[in-house]
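The file coords-v6.txt comes next; it holds compact mmCIF, C-alpha atoms.
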# COMPACT_ATOMS: atom_id res chain seq x y z
CA THR A 120 108.73 91.46 115.71
CA PRO A 121 106.11 89.41 113.84
CA GLN A 122 104.21 86.89 115.92
CA LYS A 123 101.45 84.44 115.04
CA ASN A 124 98.05 84.66 116.64
CA PRO A 125 95.79 81.61 117.05
CA VAL A 126 94.18 82.00 113.61
CA GLY A 127 97.46 82.15 111.72
CA ALA A 128 97.74 85.89 111.23
CA SER A 129 101.16 87.47 111.16
CA ILE A 130 101.14 90.38 113.62
CA THR A 131 103.62 93.15 114.44
CA GLN A 132 103.76 95.17 117.66
CA ALA A 133 101.72 98.38 117.49
CA LEU A 134 102.74 101.89 118.48
CA THR A 135 101.60 103.53 121.71
CA ALA A 136 98.98 106.29 121.34
CA ALA A 137 101.70 108.91 121.92
CA GLU A 138 103.94 107.34 119.25
CA VAL A 139 101.05 107.33 116.78
CA ARG A 140 100.41 111.05 117.41
CA ALA A 141 104.11 111.80 116.86
CA ARG A 142 104.40 109.72 113.68
CA LEU A 143 100.92 109.97 112.16
CA LEU A 144 101.98 111.87 109.04
CA ASP A 145 104.66 109.23 108.40
CA LEU A 146 102.05 106.45 108.20
CA PRO A 147 101.05 105.28 104.70
CA GLU A 148 98.26 107.29 103.09
CA ALA A 149 95.42 105.58 101.24
CA LYS A 150 92.14 106.51 99.54
CA VAL A 151 89.05 104.60 100.69
CA LYS A 152 87.43 103.00 97.63
CA TRP A 153 84.82 100.64 99.11
CA VAL A 154 83.45 99.78 102.54
CA GLN A 155 82.69 96.08 102.43
CA ASP A 156 81.28 95.81 105.96
CA GLY A 157 81.81 97.40 109.37
CA ASP A 158 85.38 96.16 109.72
CA THR A 159 86.60 95.57 106.15
CA VAL A 160 87.46 98.20 103.54
CA ILE A 161 89.21 98.35 100.19
CA VAL A 162 91.68 101.19 99.76
CA ALA A 163 93.95 102.44 97.01
CA LEU A 164 97.44 102.28 98.45
CA GLY A 165 99.43 103.92 95.71
CA ARG A 166 98.32 102.13 92.53
CA THR A 167 97.39 98.96 94.40
CA LYS A 168 93.95 98.10 95.76
CA THR A 169 94.36 96.59 99.21
CA THR A 170 91.78 94.98 101.48
CA ILE A 171 92.06 96.22 105.05
CA ARG A 172 90.64 94.41 108.09
CA LEU A 173 90.23 96.81 111.01
CA ASP A 174 92.49 95.43 113.70
CA SER A 175 91.32 94.33 117.17
CA ILE A 176 87.59 94.92 116.59
CA ASP A 177 84.76 92.82 115.20
CA CYS A 178 81.54 94.23 113.75
CA PRO A 179 78.26 92.40 113.19
CA GLU A 180 78.24 90.39 109.97
CA ASP A 181 76.20 90.98 106.83
CA GLY A 182 72.76 89.56 107.62
CA GLN A 183 73.34 89.83 111.37
CA PRO A 184 71.34 92.43 113.34
CA TRP A 185 73.23 95.75 113.25
CA GLY A 186 75.51 94.57 110.41
CA ASP A 187 74.16 97.09 107.87
CA THR A 188 74.16 99.86 110.47
CA ALA A 189 77.82 99.17 111.31
CA ARG A 190 78.71 99.26 107.60
CA PHE A 191 76.91 102.57 107.10
CA GLY A 192 78.59 103.93 110.23
CA LEU A 193 82.00 103.13 108.73
CA ILE A 194 80.97 104.66 105.39
CA LYS A 195 79.96 107.84 107.22
CA LEU A 196 83.35 107.94 109.00
CA ILE A 197 85.72 107.15 106.12
CA GLY A 198 83.83 106.74 102.82
CA LYS A 199 85.88 108.22 99.92
CA GLN A 200 88.28 109.80 102.45
CA ILE A 201 92.05 109.90 102.53
CA VAL A 202 93.17 107.87 105.54
CA ARG A 203 96.41 106.88 107.27
CA LEU A 204 97.15 103.21 107.97
CA GLU A 205 99.03 101.77 110.92
CA GLU A 206 99.78 98.30 109.61
CA HIS A 207 99.80 95.38 112.03
CA GLY A 208 100.38 92.46 109.65
CA THR A 209 98.03 90.19 107.71
CA ASP A 210 95.18 87.92 108.70
CA HIS A 211 94.66 84.32 107.56
CA HIS A 212 92.63 85.60 104.56
CA GLY A 213 95.60 87.70 103.38
CA ARG A 214 94.00 91.01 104.33
CA MET A 215 96.13 93.74 105.85
CA LEU A 216 95.34 94.20 109.55
CA ALA A 217 95.45 97.90 110.35
CA THR A 218 94.33 100.73 112.54
CA ILE A 219 92.82 103.40 110.31
CA TYR A 220 93.09 107.11 111.07
CA VAL A 221 90.96 109.78 109.39
CA ARG A 222 91.05 113.53 109.83
CA SER A 223 87.92 114.92 111.49
CA ARG A 224 85.47 116.66 109.14
CA ASN A 225 86.56 120.08 110.39
CA GLY A 226 90.15 119.27 109.36
CA GLY A 227 91.42 119.17 112.93
CA ASP A 228 92.36 116.10 114.90
CA TRP A 229 92.96 112.63 113.54
CA ILE A 230 90.43 110.00 114.64
CA ASN A 231 91.35 106.40 115.42
CA VAL A 232 88.57 104.76 113.37
CA ASN A 233 88.85 101.36 115.08
CA GLU A 234 88.30 102.98 118.49
CA LYS A 235 85.52 105.20 117.12
CA MET A 236 83.61 102.20 115.75
CA VAL A 237 83.66 100.69 119.26
CA ALA A 238 82.61 104.00 120.88
CA LEU A 239 79.71 104.34 118.42
CA GLY A 240 78.50 100.88 119.42
CA HIS A 241 79.20 99.37 115.99
CA ALA A 242 81.85 96.86 117.14
CA TRP A 243 83.09 94.58 119.87
CA VAL A 244 86.68 94.64 121.05
CA MET A 245 88.49 91.43 120.04
CA ARG A 246 90.45 90.93 123.26
CA ARG A 247 91.61 87.53 122.05
CA TYR A 248 93.57 89.24 119.24
CA TYR A 249 94.79 92.54 120.68
CA ASP A 250 97.89 91.51 122.64
CA HIS A 251 100.11 93.25 120.05
CA LEU A 252 98.57 96.60 121.05
CA PRO A 253 100.32 98.51 123.84
CA VAL A 254 98.42 98.45 127.14
CA ASP A 255 97.33 102.10 126.78
CA ARG A 256 95.49 101.26 123.56
CA GLN A 257 93.95 98.08 124.99
CA VAL A 258 92.65 100.13 127.93
CA THR A 259 91.19 102.77 125.57
CA LEU A 260 89.36 100.12 123.51
CA ASN A 261 88.01 98.47 126.66
CA ARG A 262 86.84 101.81 128.09
CA ARG A 263 85.11 102.78 124.86
CA GLU A 264 83.29 99.46 124.71
CA ALA A 265 82.28 99.70 128.39
CA TRP A 266 81.02 103.26 127.81
CA ALA A 267 78.99 102.29 124.73
CA LYS A 268 77.55 99.27 126.55
CA SER A 269 76.62 101.15 129.76
CA ASN A 270 75.07 104.01 127.77
CA HIS A 271 73.17 101.67 125.42
CA VAL A 272 74.81 103.14 122.34
CA GLY A 273 74.53 101.47 118.96
CA LEU A 274 74.17 97.68 118.99
CA TRP A 275 74.12 97.81 122.81
CA LYS A 276 70.56 99.21 122.68
CA THR A 277 69.35 96.02 120.97
CA PRO A 278 68.18 93.08 123.08
CA ASN A 279 70.90 90.45 123.60
CA PRO A 280 73.46 91.43 120.94
CA ILE A 281 75.38 88.38 119.71
CA PRO A 282 79.11 88.82 119.10
CA PRO A 283 80.03 88.11 115.46
CA TRP A 284 82.39 85.27 116.42
CA GLU A 285 79.39 83.48 117.99
CA TRP A 286 77.09 84.42 115.08
CA ARG A 287 79.52 82.87 112.58
CA LYS A 288 79.37 79.53 114.45
CA GLN A 289 75.59 79.31 113.94
Could you rewrite the structure in this file as C-alpha cells?
Amino acid sequence: TPQKNPVGASITQALTAAEVRARLLDLPEAKVKWVQDGDTVIVALGRTKTTIRLDSIDCPEDGQPWGDTARFGLIKLIGKQIVRLEEHGTDHHGRMLATIYVRSRNGGDWINVNEKMVALGHAWVMRRYYDHLPVDRQVTLNRREAWAKSNHVGLWKTPNPIPPWEWRKQ
C-alpha cells in the first residue's frame, strides 16, 4: 500500500529479507550506466534510463568530506553491472527509491548494495524514512551502521562526520 513520507515521497511496503531471497530473480533487472554519487545511480531499465535513489540510506554529498569516496565505493560495487531492483516508490524529485542487489564478483550470492554501503562506512541509515522496511531489515541496517561506527570504518574514521541532512542545511 503506498504511503507518503514527510518529504512527499510515495512509498510501498518492502519485502522481508527472506522474501527477497525467494523472489530475487523476479525483481526487475537493470544495467548500471552512471553513478552520480554515493546514493544515486542512473540505470537502463529496458530501453528507459531511470534515476535510482538508494532507499533508506544517505551518503555524504558532493563537496562534503567522504562524498567522493562514497561515490567511488558505489562505482566499485555496481559500476557497469547488471543489478536487480526492489522498488519502493518515488521520492519528491521523481527518482525511483529502490534497494539494489548485485551478484558478488565470484558469481555467488547477491549483495544488498544499500546495506553494503552502510557496512563499508559510506552511508548513514535514514531512520526517519525507513518505516516501510520490515523490522528485520531495519535491524540489519542499524547493526551494520553500529558495526562500521564502532570499528571506525569508512567515514567513521574521520573526525566528527556530519550527516548529509545536516550538511545540506549549511
List the neighbours of range 134-148 of chain A out to 6 Å using all atoms listed in the file; skip same-chain residues closer than 5 positions along the sequence, and give me the result as a CSV table (one decimal) with C-alpha atoms, in the coordinates of the input.
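around00.csv was written with the following content:
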chain,number,residue,atom,x,y,z
A,202,VAL,CA,93.2,107.9,105.5
A,203,ARG,CA,96.4,106.9,107.3
A,204,LEU,CA,97.2,103.2,108.0
A,253,PRO,CA,100.3,98.5,123.8
Edge lengths and centre in Å to one decimal, as JSON, of the axis-aligned box that encloses all listed atoms of range 179-190 of chain A with 6 Å added on every side?
{"center_x": 75.0, "center_y": 94.7, "center_z": 110.1, "size_x": 19.4, "size_y": 22.3, "size_z": 18.5}
Item to check | Selected residue, from A:Met236, A:Ile281, A:Leu216, A:Ile197, that lies nearest to Lys152 in chain A when counting all atoms listed in the file | outcome: A:Ile197
Checklist entry - Leaving out Arg222 in chain A and any residue of its chain fewer than 2 positions from it, which residues lie within 9 Å of it when counting all atoms listed in the file, given as a ChimeraX atom specification? => result /A:200-203,220,224-230
Checklist entry - Out of A:Pro282, A:Gly198, A:Gly165, A:Gly273, which residue has the shortest atom-to-atom distance to Val237 in chain A when counting only C-alpha atoms? => result A:Gly273
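Restricting the calculation to all atoms listed in the file, the smallest distance between Leu164 in chain A and any of A:Arg256, A:Thr188, A:Met215, A:Arg246 is found for A:Met215.
When all atoms listed in the file are used to measure the gap to Gly186 in chain A, the shortest distance among A:Arg287, A:Arg262, A:His271, A:His241 belongs to A:His241.
With all atoms listed in the file as the atoms that count, the minimum distance from Lys276 in chain A to the choices A:Trp185, A:Trp153, A:Trp243, A:Tyr248 is reached by A:Trp185.
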Next on the checklist: When you look at Lys199 in chain A with a cut-off of 12 Å (counting all atoms listed in the file), what residues show up, excluding the ones that are within fewer than 5 positions of it in the same chain? I need them as a PyMOL selection string.
Outcome noted: chain A and resi 149-154+160-163+193-194+221
Take the residues that were just selected and, keeping C-alpha atoms, output them as an mmCIF file, in the coordinates of the input.
data_model
loop_
_atom_site.group_PDB
_atom_site.id
_atom_site.type_symbol
_atom_site.label_atom_id
_atom_site.label_comp_id
_atom_site.auth_asym_id
_atom_site.auth_seq_id
_atom_site.Cartn_x
_atom_site.Cartn_y
_atom_site.Cartn_z
ATOM 1 C CA ALA A 149 95.420 105.580 101.240
ATOM 2 C CA LYS A 150 92.140 106.510 99.540
ATOM 3 C CA VAL A 151 89.050 104.600 100.690
ATOM 4 C CA LYS A 152 87.430 103.000 97.630
ATOM 5 C CA TRP A 153 84.820 100.640 99.110
ATOM 6 C CA VAL A 154 83.450 99.780 102.540
ATOM 7 C CA VAL A 160 87.460 98.200 103.540
ATOM 8 C CA ILE A 161 89.210 98.350 100.190
ATOM 9 C CA VAL A 162 91.680 101.190 99.760
ATOM 10 C CA ALA A 163 93.950 102.440 97.010
ATOM 11 C CA LEU A 193 82.000 103.130 108.730
ATOM 12 C CA ILE A 194 80.970 104.660 105.390
ATOM 13 C CA VAL A 221 90.960 109.780 109.390
#
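Checking A:Val254, A:Glu234, A:Leu274, A:Glu285 one by one against Pro184 in chain A, counting all atoms listed in the file, you find the shortest gap at A:Leu274.
Atom pair CA of Ala265 in chain A / CA of Val244 in chain A: separated by 9.9 Å.
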